[in-house]
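Below is target-v3.csv, holding CSV, C-alpha atoms.
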chain,number,residue,atom,x,y,z
C,1,MET,CA,-19.4,326.2,72.1
C,2,ARG,CA,-16.6,323.7,71.9
C,3,MET,CA,-14.5,323.1,75.0
C,4,PRO,CA,-10.8,323.5,74.4
C,5,ARG,CA,-9.0,320.1,74.3
C,6,SER,CA,-6.4,319.5,77.0
C,7,ARG,CA,-3.0,319.3,75.4
C,8,LYS,CA,-0.7,316.5,76.3
C,9,PRO,CA,2.6,317.7,77.9
C,10,ALA,CA,5.3,317.9,75.3
C,11,SER,CA,7.9,315.1,75.5
C,12,PRO,CA,11.3,316.3,76.9
C,13,PHE,CA,13.0,314.1,74.3
C,14,ARG,CA,11.4,315.7,71.3
C,15,TYR,CA,14.6,317.7,70.3
C,16,PHE,CA,16.9,314.7,70.6
C,17,ASN,CA,17.8,312.1,68.0
C,18,SER,CA,18.7,309.4,70.5
C,19,SER,CA,15.9,307.3,71.9
C,20,PRO,CA,14.5,307.9,75.4
C,21,GLU,CA,15.7,304.4,76.4
C,22,VAL,CA,19.3,305.2,75.5
C,23,ILE,CA,19.2,308.5,77.3
C,24,ARG,CA,17.7,306.9,80.4
C,25,LEU,CA,20.3,304.1,80.4
C,26,VAL,CA,23.2,306.6,80.1
C,27,VAL,CA,21.9,308.7,83.0
C,28,MET,CA,21.3,305.6,85.1
C,29,MET,CA,24.8,304.2,84.5
C,30,TYR,CA,26.4,307.5,85.5
C,31,VAL,CA,24.4,308.1,88.7
C,32,ARG,CA,24.2,304.5,89.8
C,33,TYR,CA,27.9,303.6,89.7
C,34,PRO,CA,31.0,305.7,90.7
C,35,LEU,CA,32.1,306.2,87.1
C,36,ARG,CA,33.6,309.1,85.4
C,37,LEU,CA,32.2,310.5,82.2
C,38,ARG,CA,34.9,308.8,80.1
C,39,ASN,CA,34.2,305.5,81.8
C,40,VAL,CA,30.6,305.7,80.8
C,41,GLU,CA,31.6,306.6,77.3
C,42,ASP,CA,33.9,303.5,77.1
C,43,LEU,CA,31.2,301.1,78.5
C,44,LEU,CA,28.6,302.4,76.1
C,45,PHE,CA,31.0,302.0,73.2
C,46,GLU,CA,31.5,298.3,74.1
C,47,ARG,CA,27.7,297.9,73.9
C,48,GLY,CA,27.4,299.6,70.5
C,49,ILE,CA,26.5,303.1,71.6
C,50,ASP,CA,28.9,305.7,70.3
C,51,ILE,CA,28.5,309.0,72.2
C,52,CYS,CA,30.9,311.6,73.6
C,53,HIS,CA,31.6,311.9,77.3
C,54,GLU,CA,30.4,315.6,77.0
C,55,ARG,CA,27.0,314.3,75.8
C,56,VAL,CA,26.8,312.1,78.9
C,57,ARG,CA,27.4,315.2,81.0
C,58,PHE,CA,24.7,317.1,79.1
C,59,TRP,CA,22.1,314.4,79.4
C,60,TRP,CA,22.9,314.0,83.2
C,61,ASN,CA,22.4,317.7,83.7
C,62,ARG,CA,19.3,317.8,81.6
C,63,PHE,CA,17.4,314.6,82.5
C,64,GLY,CA,18.9,313.5,85.8
C,65,PRO,CA,16.6,315.7,88.0
C,66,LEU,CA,13.6,314.9,85.7
C,67,PHE,CA,14.0,311.1,86.0
C,68,ALA,CA,14.7,311.2,89.7
C,69,GLY,CA,11.7,313.5,90.5
C,70,ASP,CA,9.2,311.4,88.6
C,71,ILE,CA,10.2,308.2,90.3
C,72,ARG,CA,10.5,309.8,93.7
C,73,ARG,CA,7.0,311.2,93.5
C,74,GLN,CA,5.6,307.7,92.5
C,75,ARG,CA,7.4,306.1,95.4
C,76,VAL,CA,6.3,308.6,97.9
C,77,SER,CA,2.7,308.3,96.8
C,78,ARG,CA,2.9,304.5,97.4
C,79,MET,CA,4.7,304.7,100.7
C,80,ARG,CA,2.4,307.2,102.3
C,81,GLY,CA,-0.1,304.4,102.7
C,82,PHE,CA,2.5,302.0,104.1
C,83,ARG,CA,1.8,301.5,107.8
C,84,HIS,CA,5.2,300.8,109.3
C,85,TRP,CA,7.2,303.3,107.4
C,86,ARG,CA,10.4,303.9,109.3
C,87,TRP,CA,13.0,306.6,108.7
C,88,HIS,CA,16.7,306.6,109.5
C,89,LEU,CA,18.4,310.0,109.9
C,90,ASP,CA,22.1,310.8,110.1
C,91,GLU,CA,24.6,313.5,109.3
C,92,MET,CA,28.0,313.2,107.7
C,93,TYR,CA,30.8,315.6,107.1
C,94,VAL,CA,31.9,316.5,103.6
C,95,LYS,CA,34.9,318.6,102.6
C,96,LEU,CA,34.0,321.3,100.1
C,97,ASN,CA,37.1,323.0,98.7
C,98,GLY,CA,38.9,322.4,102.0
C,99,GLU,CA,36.0,323.6,104.2
C,100,MET,CA,34.0,321.1,106.2
C,101,VAL,CA,30.2,321.1,105.8
C,102,TYR,CA,27.6,318.7,107.0
C,103,LEU,CA,25.3,316.6,104.8
C,104,TRP,CA,22.1,315.6,106.6
C,105,ARG,CA,20.4,312.5,105.0
C,106,ALA,CA,17.2,310.5,105.6
C,107,VAL,CA,16.5,307.0,104.3
C,108,ASP,CA,13.6,304.7,104.8
C,109,HIS,CA,13.6,301.1,106.1
C,110,GLU,CA,14.4,299.8,102.6
C,111,GLY,CA,17.4,302.1,102.2
C,112,LYS,CA,15.8,304.5,99.8
C,113,ILE,CA,17.1,308.0,100.2
C,114,LEU,CA,14.3,310.4,101.0
C,115,GLU,CA,15.9,313.8,101.7
C,116,SER,CA,19.2,315.6,102.2
C,117,TYR,CA,20.3,319.0,103.4
C,118,ILE,CA,23.6,320.8,103.6
C,119,THR,CA,24.6,323.0,106.5
C,120,LYS,CA,27.8,324.4,108.0
C,121,THR,CA,27.0,323.3,111.6
C,122,PRO,CA,25.2,320.3,113.1
C,123,ASP,CA,23.1,322.3,115.5
C,124,LYS,CA,19.4,322.3,116.4
C,125,LYS,CA,18.5,324.9,113.8
C,126,ALA,CA,20.0,322.8,111.0
C,127,ALA,CA,18.3,319.6,112.3
C,128,LEU,CA,14.9,321.3,112.6
C,129,THR,CA,15.1,322.7,109.1
C,130,PHE,CA,16.1,319.4,107.7
C,131,MET,CA,13.3,317.5,109.5
C,132,LYS,CA,10.6,320.0,108.5
C,133,LYS,CA,11.7,319.7,104.9
C,134,ALA,CA,11.5,315.9,105.0
C,135,LEU,CA,8.1,315.8,106.8
C,136,LYS,CA,6.6,318.4,104.5
C,137,ARG,CA,7.6,316.4,101.4
C,138,HIS,CA,7.1,312.8,102.5
C,139,GLY,CA,4.6,313.0,105.4
C,140,SER,CA,4.9,311.5,108.9
C,141,PRO,CA,6.5,308.1,109.4
C,142,ASP,CA,5.8,305.6,112.1
C,143,THR,CA,9.3,305.7,113.6
C,144,ILE,CA,12.3,308.0,113.2
C,145,THR,CA,15.6,306.4,114.1
C,146,THR,CA,18.6,308.7,114.8
C,147,ASP,CA,22.0,308.6,116.5
C,148,GLY,CA,22.7,310.2,119.9
C,149,LEU,CA,23.1,313.7,118.5
C,150,ARG,CA,21.3,316.1,120.8
C,151,SER,CA,20.2,318.3,117.9
C,152,TYR,CA,17.7,315.6,116.9
C,153,SER,CA,16.0,315.4,120.3
C,154,ALA,CA,15.8,319.2,120.5
C,155,ALA,CA,14.3,319.5,117.0
C,156,MET,CA,11.8,316.7,117.6
C,157,ASP,CA,10.7,318.2,120.9
C,158,GLU,CA,9.9,321.4,119.0
C,159,LEU,CA,8.1,319.5,116.3
C,160,GLY,CA,6.0,317.7,119.0
C,161,ASN,CA,6.9,314.1,118.1
C,162,PRO,CA,9.6,313.0,120.5
C,163,GLU,CA,7.8,309.7,121.1
C,164,LYS,CA,8.6,308.6,117.5
C,165,ARG,CA,12.3,308.8,118.1
C,166,ALA,CA,14.3,305.6,118.4
C,167,VAL,CA,18.0,305.4,119.4
C,168,GLY,CA,20.1,302.3,119.4
C,169,ARG,CA,23.7,301.2,119.1
C,170,TRP,CA,23.2,299.5,115.7
C,171,ALA,CA,19.7,300.7,115.0
C,172,ASN,CA,20.9,303.3,112.5
C,173,ASN,CA,23.1,301.0,110.4
C,174,ARG,CA,20.7,301.4,107.4
C,175,VAL,CA,21.6,305.0,106.9
C,176,GLU,CA,25.2,304.5,107.8
C,177,ASN,CA,25.6,301.9,105.0
C,178,SER,CA,23.9,304.3,102.6
C,179,HIS,CA,26.8,306.7,103.1
C,180,HIS,CA,29.2,304.4,101.3
C,181,SER,CA,27.9,305.1,97.8
C,182,PHE,CA,28.3,308.9,98.4
C,183,ARG,CA,31.9,308.3,99.6
C,184,ARG,CA,32.7,306.3,96.5
C,185,ARG,CA,31.4,309.1,94.3
C,186,GLU,CA,33.4,311.6,96.3
C,187,ARG,CA,36.6,309.6,95.7
C,188,ALA,CA,35.8,309.2,92.0
C,189,MET,CA,35.4,313.0,91.7
C,190,LEU,CA,38.6,313.7,93.8
C,191,ARG,CA,36.4,315.5,96.3
C,192,PHE,CA,34.0,318.3,95.7
C,193,ARG,CA,35.3,321.8,94.9
C,194,ARG,CA,32.1,323.7,94.3
C,195,MET,CA,28.8,323.9,96.1
C,196,LYS,CA,27.0,323.5,92.8
C,197,SER,CA,28.6,320.1,92.3
C,198,LEU,CA,27.8,319.0,95.8
C,199,GLN,CA,24.2,320.2,95.5
C,200,LYS,CA,23.9,318.2,92.3
C,201,PHE,CA,25.2,315.0,93.8
C,202,ARG,CA,23.6,315.3,97.2
C,203,LEU,CA,20.4,313.9,95.6
C,204,GLY,CA,22.5,312.5,92.8
C,205,LEU,CA,24.7,309.6,92.8
C,206,CYS,CA,23.7,308.3,96.2
C,207,GLN,CA,20.4,310.0,96.4
C,208,ARG,CA,19.2,310.0,92.8
C,209,ALA,CA,20.9,306.7,92.0
C,210,GLN,CA,18.4,304.8,94.2
C,211,PRO,CA,15.2,306.5,93.1
C,212,LEU,CA,16.2,306.1,89.4
C,213,ARG,CA,16.2,302.3,89.9
C,214,SER,CA,13.5,302.1,92.5
C,215,GLY,CA,10.3,300.2,91.9
C,216,THR,CA,7.5,299.1,94.1
C,217,PRO,CA,8.2,298.6,97.8
C,218,SER,CA,9.5,295.2,98.6
C,219,ARG,CA,10.9,293.2,101.4
C,220,ARG,CA,14.2,292.8,99.7
C,221,SER,CA,17.1,295.2,100.3
C,222,THR,CA,17.6,297.9,97.6
C,223,ASP,CA,21.0,296.5,96.9
C,224,SER,CA,19.4,293.6,95.1
C,225,GLN,CA,17.7,295.9,92.6
C,226,GLY,CA,20.4,296.7,90.0
C,227,VAL,CA,20.2,298.5,86.7
C,228,PRO,CA,20.0,296.1,83.8
C,229,LEU,CA,23.0,297.1,81.7
C,230,SER,CA,22.1,294.5,79.1
C,231,ARG,CA,19.5,297.0,77.7
C,232,ALA,CA,22.3,298.8,76.0
C,233,GLY,CA,23.1,295.9,73.7

As structure tokens, the full file:
Amino acid sequence: MRMPRSRKPASPFRYFNSSPEVIRLVVMMYVRYPLRLRNVEDLLFERGIDICHERVRFWWNRFGPLFAGDIRRQRVSRMRGFRHWRWHLDEMYVKLNGEMVYLWRAVDHEGKILESYITKTPDKKAALTFMKKALKRHGSPDTITTDGLRSYSAAMDELGNPEKRAVGRWANNRVENSHHSFRRRERAMLRFRRMKSLQKFRLGLCQRAQPLRSGTPSRRSTDSQGVPLSRAG
């Protein structure tokens, strides 16, 4: 009796006339830089790629999570074996249609964004849910650096790892600097009006932008790993 052959997973690009390289480049340009859809359309036209800005929107919605998820899984599998993996946690406020919400974010020692979570209050319950989510997906780091917010200490006491917490005046600059890309995208979009848009970009233009261009762990800062726009020529 013949054993059934394992089928290869179908390509997600099989119904598209454009090449996977062009689609990946379009998505990378949109998520990496604070550009609007028409800006991406103009930049691609200068490089000989004639597409509509609505196609940029469609490709981002269709392939953005796919690209980010694949690269994030590869990076997490590599970093789990890294001995001195340090995390930096911080919260920032975001106005959503005039209402203030809090965006919790975690980055590692290279500035790669690991996890994010949106809540209405910066209390212990929100911090605990956020940290459980990050630990479940990425494993346990060597050190967790936070600011002086008491919600972190209360959450880590309940998790049983308060000895891993590090607090310092400038110790959390890594995650503070990572907020800038999100703020640039927020200004480009004239602020967020819907939760759906905020949910999309919380892992997106600052959180997906970095996994989309991330490679193997290195000693250099992630700011030095840009997207090669010359591929569009």

For Asp157 (chain C), which residue out of C:Ile23, C:Cys52, C:Met131, C:Leu44 is the nearest one, using all atoms listed in the file?
->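 Using all atoms listed in the file, the shortest distance to Asp157 (chain C) belongs to C:Met131.
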
What is the CA of Lys136 (chain C) to CA of His109 (chain C) distance in Å?
->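 That distance, rounded to one decimal, is 18.7 Å.
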
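Summary of the local environment: counting all atoms listed in the file, residues at most 8 Å from Pro141 (chain C), other than itself and those fewer than 5 positions away along its chain, are C:His84, C:Trp85, C:Arg86, C:Trp87.
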
Cut-off 10 Å: closest region 116-200 of chain C/region 88-108 of chain C atom pairs per residue, using all atoms listed in the file, as JSON lines:
{"residue": "C:Ser116", "atom": "CA", "partner": "C:Arg105", "partner_atom": "CA", "distance": 4.3}
{"residue": "C:Tyr117", "atom": "CA", "partner": "C:Trp104", "partner_atom": "CA", "distance": 5.0}
{"residue": "C:Ile118", "atom": "CA", "partner": "C:Leu103", "partner_atom": "CA", "distance": 4.7}
{"residue": "C:Thr119", "atom": "CA", "partner": "C:Tyr102", "partner_atom": "CA", "distance": 5.3}
{"residue": "C:Lys120", "atom": "CA", "partner": "C:Val101", "partner_atom": "CA", "distance": 4.6}
{"residue": "C:Thr121", "atom": "CA", "partner": "C:Tyr102", "partner_atom": "CA", "distance": 6.5}
{"residue": "C:Pro122", "atom": "CA", "partner": "C:Tyr102", "partner_atom": "CA", "distance": 6.7}
{"residue": "C:Ala126", "atom": "CA", "partner": "C:Trp104", "partner_atom": "CA", "distance": 8.7}
{"residue": "C:Ala127", "atom": "CA", "partner": "C:Trp104", "partner_atom": "CA", "distance": 7.9}
{"residue": "C:Phe130", "atom": "CA", "partner": "C:Trp104", "partner_atom": "CA", "distance": 7.2}
{"residue": "C:Met131", "atom": "CA", "partner": "C:Ala106", "partner_atom": "CA", "distance": 8.9}
{"residue": "C:Ala134", "atom": "CA", "partner": "C:Ala106", "partner_atom": "CA", "distance": 7.9}
{"residue": "C:Pro141", "atom": "CA", "partner": "C:Asp108", "partner_atom": "CA", "distance": 9.1}
{"residue": "C:Thr143", "atom": "CA", "partner": "C:His88", "partner_atom": "CA", "distance": 8.5}
{"residue": "C:Ile144", "atom": "CA", "partner": "C:His88", "partner_atom": "CA", "distance": 5.9}
{"residue": "C:Thr145", "atom": "CA", "partner": "C:His88", "partner_atom": "CA", "distance": 4.7}
{"residue": "C:Thr146", "atom": "CA", "partner": "C:Leu89", "partner_atom": "CA", "distance": 5.1}
{"residue": "C:Asp147", "atom": "CA", "partner": "C:Asp90", "partner_atom": "CA", "distance": 6.8}
{"residue": "C:Gly148", "atom": "CA", "partner": "C:Asp90", "partner_atom": "CA", "distance": 9.8}
{"residue": "C:Leu149", "atom": "CA", "partner": "C:Asp90", "partner_atom": "CA", "distance": 8.9}
{"residue": "C:Tyr152", "atom": "CA", "partner": "C:Leu89", "partner_atom": "CA", "distance": 9.0}
{"residue": "C:Arg165", "atom": "CA", "partner": "C:His88", "partner_atom": "CA", "distance": 9.9}
{"residue": "C:Ala166", "atom": "CA", "partner": "C:His88", "partner_atom": "CA", "distance": 9.3}
{"residue": "C:Ala171", "atom": "CA", "partner": "C:His88", "partner_atom": "CA", "distance": 8.6}
{"residue": "C:Asn172", "atom": "CA", "partner": "C:His88", "partner_atom": "CA", "distance": 6.1}
{"residue": "C:Asn173", "atom": "CA", "partner": "C:His88", "partner_atom": "CA", "distance": 8.6}
{"residue": "C:Arg174", "atom": "CA", "partner": "C:His88", "partner_atom": "CA", "distance": 6.9}
{"residue": "C:Val175", "atom": "CA", "partner": "C:His88", "partner_atom": "CA", "distance": 5.8}
{"residue": "C:Glu176", "atom": "CA", "partner": "C:Asp90", "partner_atom": "CA", "distance": 7.4}
{"residue": "C:Ser178", "atom": "CA", "partner": "C:Val107", "partner_atom": "CA", "distance": 8.1}
{"residue": "C:His179", "atom": "CA", "partner": "C:Met92", "partner_atom": "CA", "distance": 8.1}
{"residue": "C:Phe182", "atom": "CA", "partner": "C:Val94", "partner_atom": "CA", "distance": 9.9}
{"residue": "C:Arg183", "atom": "CA", "partner": "C:Val94", "partner_atom": "CA", "distance": 9.1}
{"residue": "C:Glu186", "atom": "CA", "partner": "C:Val94", "partner_atom": "CA", "distance": 8.9}
{"residue": "C:Arg191", "atom": "CA", "partner": "C:Lys95", "partner_atom": "CA", "distance": 7.2}
{"residue": "C:Phe192", "atom": "CA", "partner": "C:Leu96", "partner_atom": "CA", "distance": 5.3}
{"residue": "C:Arg193", "atom": "CA", "partner": "C:Asn97", "partner_atom": "CA", "distance": 4.4}
{"residue": "C:Arg194", "atom": "CA", "partner": "C:Leu96", "partner_atom": "CA", "distance": 6.6}
{"residue": "C:Met195", "atom": "CA", "partner": "C:Leu96", "partner_atom": "CA", "distance": 7.1}
{"residue": "C:Ser197", "atom": "CA", "partner": "C:Leu96", "partner_atom": "CA", "distance": 9.6}
{"residue": "C:Leu198", "atom": "CA", "partner": "C:Leu96", "partner_atom": "CA", "distance": 7.9}

Straight-line distance linking CA of Ser11 (chain C) with CA of Leu66 (chain C), stated in Å to one decimal |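 Here the two named atoms are 11.7 Å from each other.
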
Interatomic distance, CA of Ser151 (chain C) to CA of Arg169 (chain C) (Å, one decimal) |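 These two atoms are separated by 17.5 Å.
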
Residues within 9 Å of Leu159 (chain C), only C-alpha atoms, excluding chain neighbours under 5 positions, as a PyMOL selection string = chain C and resi 128+131-132+154

Identify the residues within 10 Å of coordinate (31.0, 304.3, 75.7) (same frame as the file), considering all atoms listed in the file, and give the answer as JSON, numbers by chain.
-> {"C": [26, 37, 38, 39, 40, 41, 42, 43, 44, 45, 46, 47, 48, 49, 50, 51, 52, 53, 56]}

Pick from C:Ala10, C:Val31, C:Leu135, C:Val22 nearest to Ala68 (chain C), counting all atoms listed in the file =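 Ranking C:Ala10, C:Val31, C:Leu135, C:Val22 by distance to Ala68 (chain C), first place goes to C:Val31.
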
For region 115-126 of chain C, supply all heavy atoms and format the output as an mmCIF file, in the frame of the given file.
data_model
loop_
_atom_site.group_PDB
_atom_site.id
_atom_site.type_symbol
_atom_site.label_atom_id
_atom_site.label_comp_id
_atom_site.auth_asym_id
_atom_site.auth_seq_id
_atom_site.Cartn_x
_atom_site.Cartn_y
_atom_site.Cartn_z
ATOM 1 N N GLU C 115 15.580 312.363 101.627
ATOM 2 C CA GLU C 115 15.900 313.800 101.700
ATOM 3 C C GLU C 115 17.296 314.026 102.089
ATOM 4 O O GLU C 115 17.934 313.165 102.703
ATOM 5 C CB GLU C 115 14.907 314.471 102.675
ATOM 6 C CG GLU C 115 14.823 315.961 102.543
ATOM 7 C CD GLU C 115 14.322 316.384 101.184
ATOM 8 O OE1 GLU C 115 13.175 316.046 100.827
ATOM 9 O OE2 GLU C 115 15.086 317.057 100.468
ATOM 10 N N SER C 116 17.841 315.193 101.738
ATOM 11 C CA SER C 116 19.200 315.600 102.200
ATOM 12 C C SER C 116 19.210 317.102 102.323
ATOM 13 O O SER C 116 18.398 317.815 101.735
ATOM 14 C CB SER C 116 20.238 315.114 101.184
ATOM 15 O OG SER C 116 20.099 315.794 99.952
ATOM 16 N N TYR C 117 20.191 317.564 103.096
ATOM 17 C CA TYR C 117 20.300 319.000 103.400
ATOM 18 C C TYR C 117 21.706 319.307 103.784
ATOM 19 O O TYR C 117 22.339 318.536 104.509
ATOM 20 C CB TYR C 117 19.293 319.353 104.502
ATOM 21 C CG TYR C 117 19.169 320.821 104.800
ATOM 22 C CD1 TYR C 117 18.688 321.708 103.839
ATOM 23 C CD2 TYR C 117 19.528 321.327 106.049
ATOM 24 C CE1 TYR C 117 18.567 323.056 104.119
ATOM 25 C CE2 TYR C 117 19.401 322.673 106.336
ATOM 26 C CZ TYR C 117 18.923 323.533 105.360
ATOM 27 O OH TYR C 117 18.803 324.875 105.635
ATOM 28 N N ILE C 118 22.241 320.423 103.320
ATOM 29 C CA ILE C 118 23.600 320.800 103.600
ATOM 30 C C ILE C 118 23.666 322.005 104.490
ATOM 31 O O ILE C 118 22.994 323.011 104.239
ATOM 32 C CB ILE C 118 24.361 321.109 102.247
ATOM 33 C CG1 ILE C 118 24.338 319.902 101.319
ATOM 34 C CG2 ILE C 118 25.799 321.530 102.523
ATOM 35 C CD1 ILE C 118 24.851 320.203 99.930
ATOM 36 N N THR C 119 24.445 321.913 105.564
ATOM 37 C CA THR C 119 24.600 323.000 106.500
ATOM 38 C C THR C 119 26.080 323.118 106.895
ATOM 39 O O THR C 119 26.863 322.199 106.663
ATOM 40 C CB THR C 119 23.759 322.848 107.757
ATOM 41 O OG1 THR C 119 24.195 321.669 108.464
ATOM 42 C CG2 THR C 119 22.292 322.711 107.418
ATOM 43 N N LYS C 120 26.429 324.221 107.547
ATOM 44 C CA LYS C 120 27.800 324.400 108.000
ATOM 45 C C LYS C 120 27.982 323.909 109.451
ATOM 46 O O LYS C 120 29.113 323.670 109.884
ATOM 47 C CB LYS C 120 28.196 325.879 107.934
ATOM 48 C CG LYS C 120 28.352 326.380 106.500
ATOM 49 C CD LYS C 120 28.904 327.802 106.477
ATOM 50 C CE LYS C 120 29.129 328.259 105.047
ATOM 51 N NZ LYS C 120 29.691 329.644 104.974
ATOM 52 N N THR C 121 26.885 323.764 110.189
ATOM 53 C CA THR C 121 27.000 323.300 111.600
ATOM 54 C C THR C 121 25.891 322.264 111.847
ATOM 55 O O THR C 121 24.797 322.324 111.274
ATOM 56 C CB THR C 121 26.756 324.499 112.549
ATOM 57 O OG1 THR C 121 25.499 325.132 112.260
ATOM 58 C CG2 THR C 121 27.885 325.509 112.404
ATOM 59 N N PRO C 122 26.177 321.294 112.730
ATOM 60 C CA PRO C 122 25.200 320.300 113.100
ATOM 61 C C PRO C 122 24.369 320.651 114.305
ATOM 62 O O PRO C 122 24.258 319.868 115.259
ATOM 63 C CB PRO C 122 26.054 319.035 113.337
ATOM 64 C CG PRO C 122 27.308 319.601 113.916
ATOM 65 C CD PRO C 122 27.502 320.962 113.296
ATOM 66 N N ASP C 123 23.771 321.830 114.321
ATOM 67 C CA ASP C 123 23.100 322.300 115.500
ATOM 68 C C ASP C 123 21.563 322.046 115.394
ATOM 69 O O ASP C 123 21.074 321.452 114.426
ATOM 70 C CB ASP C 123 23.347 323.788 115.735
ATOM 71 C CG ASP C 123 23.039 324.625 114.488
ATOM 72 O OD1 ASP C 123 22.477 324.076 113.521
ATOM 73 O OD2 ASP C 123 23.358 325.833 114.493
ATOM 74 N N LYS C 124 20.832 322.529 116.387
ATOM 75 C CA LYS C 124 19.400 322.300 116.400
ATOM 76 C C LYS C 124 18.685 322.975 115.246
ATOM 77 O O LYS C 124 17.765 322.396 114.649
ATOM 78 C CB LYS C 124 18.819 322.862 117.740
ATOM 79 C CG LYS C 124 17.296 322.862 117.797
ATOM 80 C CD LYS C 124 16.774 323.642 118.982
ATOM 81 C CE LYS C 124 15.264 323.805 118.905
ATOM 82 N NZ LYS C 124 14.735 324.619 120.033
ATOM 83 N N LYS C 125 19.097 324.185 114.885
ATOM 84 C CA LYS C 125 18.500 324.900 113.800
ATOM 85 C C LYS C 125 18.584 324.109 112.482
ATOM 86 O O LYS C 125 17.622 323.995 111.713
ATOM 87 C CB LYS C 125 19.094 326.274 113.623
ATOM 88 C CG LYS C 125 18.492 327.103 112.514
ATOM 89 C CD LYS C 125 19.170 328.468 112.418
ATOM 90 C CE LYS C 125 18.590 329.282 111.259
ATOM 91 N NZ LYS C 125 19.273 330.603 111.131
ATOM 92 N N ALA C 126 19.758 323.545 112.229
ATOM 93 C CA ALA C 126 20.000 322.800 111.000
ATOM 94 C C ALA C 126 19.105 321.498 111.038
ATOM 95 O O ALA C 126 18.476 321.130 110.035
ATOM 96 C CB ALA C 126 21.435 322.412 110.867
#
